[in-house]
file query_39.cif (mmCIF, C-alpha atoms and all ligand atoms)
data_my_file
loop_
_atom_site.label_atom_id
_atom_site.label_comp_id
_atom_site.auth_asym_id
_atom_site.auth_seq_id
_atom_site.Cartn_x
_atom_site.Cartn_y
_atom_site.Cartn_z
CA MET A 1 -18.18 -19.23 1.98
CA ALA A 2 -14.71 -19.43 0.48
CA THR A 3 -11.86 -19.96 2.90
CA ILE A 4 -9.08 -17.38 3.14
CA SER A 5 -6.81 -19.85 1.39
CA ASP A 6 -9.24 -20.22 -1.55
CA ALA A 7 -9.74 -16.48 -1.76
CA LEU A 8 -5.98 -15.87 -1.79
CA GLN A 9 -5.56 -18.34 -4.62
CA ALA A 10 -8.35 -16.66 -6.56
CA ALA A 11 -6.75 -13.23 -6.05
CA ARG A 12 -3.35 -14.50 -7.21
CA LYS A 13 -5.03 -16.04 -10.23
CA ARG A 14 -6.65 -12.70 -11.13
CA ILE A 15 -3.25 -11.02 -10.89
CA ASP A 16 -1.61 -13.71 -13.02
CA ASN A 17 -4.30 -13.49 -15.71
CA ALA A 18 -4.16 -9.70 -15.82
CA ALA A 19 -0.36 -9.75 -16.03
CA ARG A 20 -0.28 -12.32 -18.81
CA GLY A 21 -2.99 -10.40 -20.67
CA ALA A 22 -0.69 -7.37 -20.64
CA ALA A 23 2.43 -9.40 -21.49
CA ARG A 24 3.86 -8.72 -18.04
CA ASP A 25 5.64 -11.17 -15.75
CA PRO A 26 3.18 -12.03 -12.93
CA ALA A 27 6.13 -12.55 -10.59
CA LEU A 28 6.72 -8.78 -10.70
CA VAL A 29 3.37 -8.04 -9.07
CA MET A 30 3.27 -8.37 -5.29
CA LEU A 31 -0.01 -9.18 -3.62
CA LEU A 32 -0.39 -7.15 -0.42
CA ALA A 33 -3.15 -8.70 1.70
CA VAL A 34 -5.01 -5.87 3.43
CA SER A 35 -5.99 -7.23 6.84
CA LYS A 36 -7.37 -4.07 8.48
CA THR A 37 -10.37 -4.74 10.74
CA PHE A 38 -9.65 -8.50 10.63
CA PRO A 39 -8.20 -10.32 13.63
CA ALA A 40 -4.72 -11.77 13.97
CA ASP A 41 -6.17 -15.21 13.41
CA ALA A 42 -7.23 -14.29 9.86
CA VAL A 43 -3.66 -13.13 9.17
CA ARG A 44 -2.35 -16.40 10.57
CA GLN A 45 -4.62 -18.34 8.21
CA ALA A 46 -3.41 -16.31 5.25
CA TRP A 47 0.20 -16.91 6.30
CA GLN A 48 -0.46 -20.64 6.47
CA ALA A 49 -1.71 -20.36 2.89
CA GLY A 50 1.61 -18.81 1.83
CA GLN A 51 0.96 -15.07 2.20
CA HIS A 52 3.76 -13.02 3.83
CA THR A 53 2.96 -9.36 3.19
CA PHE A 54 0.09 -7.58 4.91
CA GLY A 55 -1.34 -4.07 4.81
CA GLU A 56 -2.91 -2.15 7.69
CA SER A 57 -4.55 1.28 7.88
CA TYR A 58 -5.24 1.99 11.55
CA VAL A 59 -2.20 2.48 13.76
CA GLN A 60 -3.43 1.18 17.09
CA GLU A 61 -5.13 -1.88 15.63
CA ALA A 62 -2.04 -2.63 13.54
CA VAL A 63 0.46 -2.31 16.36
CA GLU A 64 -1.53 -4.75 18.50
CA LYS A 65 -1.86 -7.24 15.65
CA ILE A 66 1.83 -7.02 14.76
CA ALA A 67 2.77 -7.68 18.40
CA GLU A 68 0.41 -10.63 18.56
CA LEU A 69 1.96 -12.18 15.44
CA LYS A 70 5.57 -11.26 16.06
CA GLU A 71 6.75 -14.89 16.00
CA LEU A 72 5.79 -15.09 12.29
CA PRO A 73 8.15 -13.73 9.58
CA LEU A 74 5.61 -11.28 8.14
CA GLU A 75 6.22 -8.01 6.31
CA TRP A 76 3.89 -5.17 7.32
CA HIS A 77 2.92 -2.22 5.13
CA PHE A 78 1.15 0.86 6.47
CA ILE A 79 -1.33 2.02 3.83
CA GLY A 80 -3.66 4.36 5.75
CA PRO A 81 -3.74 8.12 6.13
CA ILE A 82 -0.98 9.33 8.46
CA GLN A 83 -1.46 11.87 11.23
CA SER A 84 1.76 13.52 12.34
CA ASN A 85 1.25 12.49 15.98
CA LYS A 86 1.11 8.80 14.93
CA THR A 87 4.35 8.58 12.98
CA ARG A 88 6.47 7.03 15.74
CA PRO A 89 4.67 3.67 16.03
CA ILE A 90 4.57 3.52 12.23
CA ALA A 91 8.33 4.15 11.98
CA GLU A 92 8.96 1.50 14.63
CA SER A 93 6.65 -1.29 13.47
CA PHE A 94 6.40 -1.31 9.67
CA ALA A 95 8.66 -2.26 6.76
CA TRP A 96 6.83 -0.07 4.22
CA VAL A 97 4.64 3.05 4.25
CA HIS A 98 2.56 3.78 1.14
CA GLY A 99 0.52 6.90 1.81
CA ILE A 100 2.99 9.77 2.33
CA ASP A 101 1.81 13.02 0.78
CA ARG A 102 3.65 15.72 2.74
CA LEU A 103 7.28 16.37 3.58
CA LYS A 104 6.58 16.80 7.28
CA ILE A 105 5.37 13.20 7.58
CA ALA A 106 8.40 11.87 5.71
CA GLU A 107 10.74 13.92 7.92
CA ARG A 108 9.15 12.56 11.08
CA LEU A 109 9.32 8.97 9.83
CA SER A 110 12.95 9.50 8.89
CA ALA A 111 13.84 10.96 12.29
CA GLN A 112 11.90 8.27 14.18
CA ARG A 113 13.02 5.19 12.22
CA PRO A 114 15.06 3.13 14.71
CA VAL A 115 18.70 2.97 13.67
CA GLY A 116 18.92 -0.82 14.04
CA LEU A 117 16.16 -1.48 11.50
CA PRO A 118 16.49 -1.56 7.69
CA ASP A 119 15.51 1.66 5.93
CA LEU A 120 11.76 2.27 5.86
CA GLN A 121 10.56 1.68 2.28
CA VAL A 122 8.15 4.42 1.22
CA CYS A 123 5.82 5.43 -1.58
CA LEU A 124 4.36 8.88 -2.16
CA GLN A 125 0.60 9.04 -2.59
CA VAL A 126 -0.48 11.01 -5.64
CA ASN A 127 -3.92 12.48 -6.16
CA VAL A 128 -4.62 11.40 -9.73
CA SER A 129 -8.35 12.03 -9.41
CA GLY A 130 -8.16 15.80 -8.95
CA GLU A 131 -11.21 17.25 -7.22
CA ALA A 132 -12.66 13.79 -6.56
CA SER A 133 -10.05 12.94 -3.92
CA LYS A 134 -8.60 14.91 -1.04
CA SER A 135 -5.55 12.87 -0.14
CA GLY A 136 -2.36 12.64 -2.14
CA VAL A 137 0.06 15.20 -3.46
CA ALA A 138 -1.07 17.05 -6.59
CA PRO A 139 0.83 15.85 -9.67
CA ARG A 140 2.36 19.31 -10.24
CA GLU A 141 3.80 19.28 -6.70
CA LEU A 142 5.19 15.76 -6.92
CA ALA A 143 8.65 16.56 -8.29
CA ALA A 144 9.48 18.87 -5.37
CA LEU A 145 8.28 16.32 -2.82
CA VAL A 146 10.30 13.55 -4.47
CA ALA A 147 13.42 15.72 -4.45
CA ALA A 148 13.03 16.47 -0.74
CA VAL A 149 12.08 12.96 0.41
CA SER A 150 14.94 11.40 -1.56
CA THR A 151 17.50 13.14 0.62
CA LEU A 152 16.17 11.88 3.96
CA PRO A 153 18.16 9.26 5.91
CA ARG A 154 16.70 5.92 7.05
CA ILE A 155 13.87 6.02 4.55
CA LYS A 156 14.10 4.79 0.99
CA LEU A 157 11.80 6.20 -1.64
CA ARG A 158 10.58 3.31 -3.80
CA GLY A 159 7.79 4.81 -5.90
CA LEU A 160 4.24 6.05 -6.10
CA MET A 161 0.86 5.02 -4.75
CA ALA A 162 -2.67 6.08 -5.67
CA ILE A 163 -6.25 5.43 -4.64
CA PRO A 164 -8.29 6.71 -7.59
CA GLU A 165 -11.97 7.48 -7.10
CA PRO A 166 -14.00 4.26 -7.11
CA THR A 167 -15.62 3.73 -10.49
CA ALA A 168 -17.05 0.86 -12.51
CA ASP A 169 -15.89 2.67 -15.66
CA ARG A 170 -13.02 0.46 -16.83
CA HIS A 171 -11.75 3.11 -19.19
CA LEU A 172 -11.45 5.62 -16.33
CA GLN A 173 -9.74 3.01 -14.12
CA HIS A 174 -7.11 2.50 -16.83
CA ARG A 175 -6.68 6.22 -17.34
CA ARG A 176 -6.00 6.91 -13.65
CA PHE A 177 -3.50 4.05 -13.31
CA ALA A 178 -1.79 5.07 -16.55
CA GLN A 179 -1.44 8.60 -15.15
CA LEU A 180 0.41 7.24 -12.12
CA ARG A 181 2.65 5.09 -14.32
CA GLU A 182 3.51 8.08 -16.50
CA LEU A 183 4.46 10.12 -13.43
CA LEU A 184 6.77 7.30 -12.30
CA THR A 185 8.31 7.09 -15.76
CA GLN A 186 9.02 10.83 -15.74
CA LEU A 187 10.75 10.59 -12.37
CA GLN A 188 12.79 7.60 -13.54
CA ALA A 189 13.84 9.63 -16.59
CA GLN A 190 15.05 12.34 -14.20
CA GLY A 191 17.34 9.77 -12.61
CA TYR A 192 15.41 8.68 -9.53
CA PRO A 193 15.86 4.92 -8.94
CA LEU A 194 12.17 4.16 -8.37
CA ASP A 195 10.65 0.74 -9.02
CA THR A 196 7.26 0.63 -7.32
CA LEU A 197 3.71 1.40 -8.41
CA SER A 198 1.29 0.63 -5.56
CA MET A 199 -2.11 0.66 -7.21
CA GLY A 200 -5.18 -1.54 -7.59
CA MET A 201 -7.58 -2.97 -5.00
CA SER A 202 -10.22 -5.71 -4.94
CA ASP A 203 -12.46 -4.05 -7.51
CA ASP A 204 -9.93 -2.69 -9.99
CA LEU A 205 -6.78 -4.80 -9.76
CA GLU A 206 -7.01 -6.02 -13.36
CA ALA A 207 -6.79 -2.48 -14.73
CA ALA A 208 -3.96 -1.64 -12.31
CA VAL A 209 -1.90 -4.71 -13.24
CA ALA A 210 -2.46 -4.02 -16.94
CA GLU A 211 -1.11 -0.48 -16.41
CA GLY A 212 2.00 -1.58 -14.54
CA ALA A 213 1.19 -2.08 -10.86
CA THR A 214 4.01 -3.75 -8.91
CA ILE A 215 2.01 -3.94 -5.67
CA VAL A 216 -1.75 -4.48 -5.54
CA ARG A 217 -3.48 -3.91 -2.19
CA VAL A 218 -6.32 -6.40 -1.82
CA GLY A 219 -8.54 -6.63 1.24
CA SER A 220 -12.19 -7.61 0.86
CA ALA A 221 -11.55 -10.06 -2.00
CA ILE A 222 -9.38 -12.04 0.45
CA PHE A 223 -10.87 -11.53 3.90
CA GLY A 224 -14.48 -10.61 3.11
CA ASN A 225 -16.47 -7.47 3.84
CA ARG A 226 -15.19 -5.15 6.53
CA HIS A 227 -16.97 -3.79 9.58
CA TYR A 228 -15.44 -0.84 11.36
CA PRO A 229 -15.61 -1.33 15.14
CA ASN A 230 -12.17 0.22 15.64
CA LYS A 231 -12.45 3.27 13.52
CA GLU A 232 -12.36 5.68 16.45
CA ASN A 233 -9.01 4.17 17.46
CA ALA A 234 -7.41 4.82 14.10
C1 LIG A 301 -8.69 -0.84 2.60
C2 LIG A 301 -7.69 -0.48 1.57
C3 LIG A 301 -7.41 -1.35 0.50
C4 LIG A 301 -8.16 -2.65 0.25
O1 LIG A 301 -9.40 -2.37 -0.30
P1 LIG A 301 -10.35 -3.56 -0.87
O2 LIG A 301 -11.32 -2.85 -1.72
O3 LIG A 301 -10.95 -4.21 0.33
O4 LIG A 301 -9.47 -4.48 -1.62
C5 LIG A 301 -6.44 -0.97 -0.40
N1 LIG A 301 -5.75 0.17 -0.26
C6 LIG A 301 -5.98 1.03 0.75
C7 LIG A 301 -5.18 2.27 0.85
C8 LIG A 301 -6.96 0.74 1.69
O5 LIG A 301 -7.18 1.59 2.68
#
call {"tool": "encode", "arguments": {"input": "query_39.cif", "output": "structure tokens"}}
result
Amino acid sequence: MATISDALQAARKRIDNAARGAARDPALVMLLAVSKTFPADAVRQAWQAGQHTFGESYVQEAVEKIAELKELPLEWHFIGPIQSNKTRPIAESFAWVHGIDRLKIAERLSAQRPVGLPDLQVCLQVNVSGEASKSGVAPRELAALVAAVSTLPRIKLRGLMAIPEPTADRHLQHRRFAQLRELLTQLQAQGYPLDTLSMGMSDDLEAAVAEGATIVRVGSAIFGNRHYPNKENA
């Protein structure tokens, strides 16, 4: 089996190739290593191989892992669904939050972000798959959410995130990621200083990078297949 270090190198290589193939600078694509369900020791191995940014989806698991690794200079991104009664530990423990799709969640994160910390960097999750996906703001409701979230203190809106329906259809992968990019471009044209497209996972990162991803969220291609012992603690 490949080591975490080998797998990280292979993932970076995939990103580099996809970026070059699209005439993009690979340095503009951040690899977020999604460590959910994997122990702190796996994160430590990835860090030793040069990885600094990690994504987590389950609050309780993440908070424990972050505490266990607090001597390392890691950057943590929350990428899971957010329940309103779990916003406080997210606001206190993470640098970024990717999956915001309602104003109420953004307001709570804003109110609960500790004053001594840098602004929480956030992306709004957009439902680009229509009926096929339940989470994410509908594209026609995005502009209003962006306008409201942009005014909140202690959080900084950076861009958009999507999790399109899983598909092996490369053409559909490209279409979904292009939709997200076009939404970002429209918002930029309206004057919002947004710079982030969080899109692409282990199975579709090439299409995402080709369509402009600035953060790809890669889990199983780095750490292996997941088992879900902690799901009830999410
Ligand atoms: C788990 C997860 C990932 C990583 O998925 P892989 O297919 O393992 O790369 C990416 N994004 C989100 C939001 C996730 O929950």
call {"tool": "residues_near_ligand", "arguments": {"input": "query_39.cif", "ligand": "ligand LIG 301 (chain A)", "cutoff": "7 Å", "atoms": "all atoms listed in the file", "output": "list in words"}}
result
Val34, Lys36, Ser57, Ile79, Gly80, Ile163, Met201, Ser202, Asp203, Arg217, Val218, Gly219, Ser220 and Ala221 of chain A
call {"tool": "write_last_selection", "arguments": {"input": "query_39.cif", "atoms": "C-alpha atoms", "output": "CSV table (one decimal), in the frame of the given file"}}
result
chain,number,residue,atom,x,y,z
A,34,VAL,CA,-5.0,-5.9,3.4
A,36,LYS,CA,-7.4,-4.1,8.5
A,57,SER,CA,-4.6,1.3,7.9
A,79,ILE,CA,-1.3,2.0,3.8
A,80,GLY,CA,-3.7,4.4,5.8
A,163,ILE,CA,-6.2,5.4,-4.6
A,201,MET,CA,-7.6,-3.0,-5.0
A,202,SER,CA,-10.2,-5.7,-4.9
A,203,ASP,CA,-12.5,-4.0,-7.5
A,217,ARG,CA,-3.5,-3.9,-2.2
A,218,VAL,CA,-6.3,-6.4,-1.8
A,219,GLY,CA,-8.5,-6.6,1.2
A,220,SER,CA,-12.2,-7.6,0.9
A,221,ALA,CA,-11.6,-10.1,-2.0
call {"tool": "atom_distance", "arguments": {"input": "query_39.cif", "atom1": "atom CA of Lys156 of chain A", "atom2": "atom CA of His77 of chain A"}}
result
13.8 Å
call {"tool": "atom_distance", "arguments": {"input": "query_39.cif", "atom1": "atom CA of Pro73 of chain A", "atom2": "atom CA of Gly50 of chain A"}}
result
11.3 Å
call {"tool": "closest_residue", "arguments": {"input": "query_39.cif", "among": "A:Gly159, A:Pro39, A:Gly212, A:Pro193", "to": "Phe177 of chain A", "atoms": "only C-alpha atoms"}}
result
A:Gly212
call {"tool": "closest_residue", "arguments": {"input": "query_39.cif", "among": "A:Thr37, A:Gln121, A:Asn127, A:Gln45", "to": "Trp76 of chain A", "atoms": "only C-alpha atoms"}}
result
A:Gln121
call {"tool": "residues_around", "arguments": {"input": "query_39.cif", "residues": "Gly21 of chain A", "least_positions_apart": "2", "cutoff": "12 Å", "atoms": "all atoms listed in the file", "output": "list of chain:residue names"}}
result
A:Arg14, A:Ile15, A:Asp16, A:Asn17, A:Ala18, A:Ala19, A:Ala23, A:Arg24, A:Asp25, A:Pro26, A:Glu206, A:Ala207, A:Val209, A:Ala210, A:Glu211, A:Gly212
call {"tool": "residues_around", "arguments": {"input": "query_39.cif", "residues": "Gly191 of chain A", "least_positions_apart": "3", "cutoff": "12 Å", "atoms": "only C-alpha atoms", "output": "list in words"}}
result
Ala143, Val146, Ala147, Ser150, Leu184, Thr185, Gln186, Leu187, Gln188, Leu194 and Asp195 of chain A
call {"tool": "atom_distance", "arguments": {"input": "query_39.cif", "atom1": "atom CA of Phe223 of chain A", "atom2": "atom CA of Val43 of chain A"}}
result
9.1 Å
call {"tool": "closest_residue", "arguments": {"input": "query_39.cif", "among": "A:Val63, A:Ala46, A:Ala213, A:Ala162", "to": "Thr3 of chain A", "atoms": "all atoms listed in the file"}}
result
A:Ala46
call {"tool": "residues_around", "arguments": {"input": "query_39.cif", "residues": "Asp6 of chain A", "least_positions_apart": "5", "cutoff": "10 Å", "atoms": "all atoms listed in the file", "output": "list in words"}}
result
Met1, Ala11, Arg12, Ala46, Ala49 and Ile222 of chain A
call {"tool": "closest_residue", "arguments": {"input": "query_39.cif", "among": "A:Gln48, A:Ser198, A:Ser110, A:Thr87", "to": "Leu124 of chain A", "atoms": "only C-alpha atoms"}}
result
A:Ser198
call {"tool": "closest_residue", "arguments": {"input": "query_39.cif", "among": "A:Arg108, A:Gly55, A:Arg44, A:Lys86", "to": "Ile215 of chain A", "atoms": "only C-alpha atoms"}}
result
A:Gly55
call {"tool": "closest_residue", "arguments": {"input": "query_39.cif", "among": "A:Ser35, A:Thr53, A:Thr196, A:Thr214", "to": "Ala95 of chain A", "atoms": "all atoms listed in the file"}}
result
A:Thr53
call {"tool": "residues_around", "arguments": {"input": "query_39.cif", "residues": "Asp101 of chain A", "least_positions_apart": "3", "cutoff": "12 Å", "atoms": "all atoms listed in the file", "output": "PyMOL selection string"}}
result
chain A and resi 79-84+97-98+104-107+122-127+134-139+141-146+148-149+160-162
